[in-house]
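**Student:** Handing you this structure, nothing more for now.
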Amino acid sequence: MESRYYRFKSETFRCKKCKWEGLGSALKTGELFESLFELDCPQCHAVVDHISYPTAEETLMFGSEAEKKDALQSVERRNAYLAAQLKDISLLPDIDDTDIAFVLTPFDDVYLAIMYKEQVIWKEKRGYEYYERYIAVGRLLKEKYGDKMIDFVPLNDDLNLYEFVWR
């Protein structure tokens with residue numbers, strides 16, 4: 001089935017507030033959200049419906065040639081990003097010390113680096129707001145180093161971590 005994103009302009013809509021009726025192509029784009037956007041009535045500006053943005057798969061099936069090209073590049077970048085993430089603890093070096101404390105820090109504006117005593121032991125491309133990745137990497141470090149690991153802290157001035165603070 002075709003994504004609604006690619007067919008809403010030819011659908012008929014009716015505004016519940018002012019009773020306007022017409023094609024989706026006449027609706028105005030309302031507020032934008034992460035995964036969808038509002039369609040507003042062209043007369044009274046009330047929200048008539050919401051449309052989800054297409055997935056990469058939907059774009060590859062139904063998008064224009066330019067959209068398909070962009071979607072394919074996006075999928076390839078995402079796959080490369082995920083493939084380069086630490087998943088196998090055997091890739092981490094053996095450390096004979098006890099009381100091991102790691103620091104997670106931005107590195108060269110593109111990477112996250114796991115540092116131990118000012119030495120990079122792992123680096124991978126970073127994403128925006130990577131709190132969940134920080135937790136996943138911490139679990140892998142704990143799996144590898146066990147009780148020898150006493151801490152894993154992010155660099156204090158890295159705002160991209162986006163940690164929630166409950167008050």
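Going through the structure tokens in order, the chains are called A, B, and so on, while each chain numbers its residues from 1 and the ligands are numbered from 1 in the order shown.
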Just list as an NGL selection string whatever in chain A DSSP marks as strand (DSSP E or B).

**Tutor:** :A and (12-14 or 21-23 or 28-32 or 36-40 or 47-52 or 100-107 or 111-116 or 119-125 or 149-154)

**Student:** Could those residues be written to a file, using C-alpha atoms, as a CSV table (one decimal), in the first residue's frame?

**Tutor:**
chain,number,residue,atom,x,y,z
A,12,THR,CA,-10.7,14.8,0.0
A,13,PHE,CA,-10.7,16.4,3.5
A,14,ARG,CA,-13.4,18.1,5.5
A,21,GLU,CA,-14.2,20.6,2.0
A,22,GLY,CA,-11.5,20.1,-0.6
A,23,LEU,CA,-8.4,18.3,-1.8
A,28,LYS,CA,-1.8,24.4,4.6
A,29,THR,CA,1.1,22.8,6.4
A,30,GLY,CA,0.7,23.4,10.1
A,31,GLU,CA,2.9,22.6,13.0
A,32,LEU,CA,5.9,20.3,12.2
A,36,LEU,CA,4.6,14.0,11.4
A,37,PHE,CA,3.1,17.3,10.5
A,38,GLU,CA,-0.3,18.9,10.8
A,39,LEU,CA,-2.6,19.8,7.9
A,40,ASP,CA,-4.6,22.9,8.5
A,47,VAL,CA,-6.1,21.2,12.3
A,48,VAL,CA,-7.8,18.9,9.8
A,49,ASP,CA,-5.4,15.9,10.0
A,50,HIS,CA,-1.9,14.7,10.6
A,51,ILE,CA,0.4,13.1,8.1
A,52,SER,CA,3.4,10.9,9.0
A,100,ILE,CA,39.6,1.4,35.9
A,101,ALA,CA,37.9,4.7,35.2
A,102,PHE,CA,36.9,5.5,31.6
A,103,VAL,CA,35.9,8.9,30.1
A,104,LEU,CA,33.6,9.3,27.1
A,105,THR,CA,34.6,12.4,25.2
A,106,PRO,CA,34.0,14.0,21.8
A,107,PHE,CA,37.0,13.5,19.5
A,111,TYR,CA,33.8,10.7,17.0
A,112,LEU,CA,33.1,9.6,20.5
A,113,ALA,CA,36.2,8.3,22.1
A,114,ILE,CA,36.5,6.1,25.2
A,115,MET,CA,39.6,7.2,27.0
A,116,TYR,CA,41.6,5.4,29.7
A,119,GLN,CA,44.7,7.0,25.7
A,120,VAL,CA,41.9,6.3,23.2
A,121,ILE,CA,40.8,2.7,23.6
A,122,TRP,CA,37.9,2.9,21.2
A,123,LYS,CA,36.3,5.5,19.0
A,124,GLU,CA,33.2,5.5,16.8
A,125,LYS,CA,31.2,8.2,15.0
A,149,MET,CA,35.8,-1.0,36.1
A,150,ILE,CA,34.8,1.6,38.8
A,151,ASP,CA,33.6,4.5,36.6
A,152,PHE,CA,32.5,5.6,33.1
A,153,VAL,CA,31.9,9.3,32.9
A,154,PRO,CA,31.0,11.7,30.1

**Student:** Could you pull out the helix (DSSP H, G or I) residues of range 88-163 of chain A, going by DSSP on the backbone, and write them as number ranges by chain?

**Tutor:** A: 89-91, 131-148, 159-161

**Student:** Measuring between only C-alpha atoms, which one of A:Cys18, A:Ile95, A:Met61, A:Cys41 shows the shortest distance to Ser3 in chain A?

**Tutor:**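 Using only C-alpha atoms, Ser3 in chain A sits closest to A:Met61.
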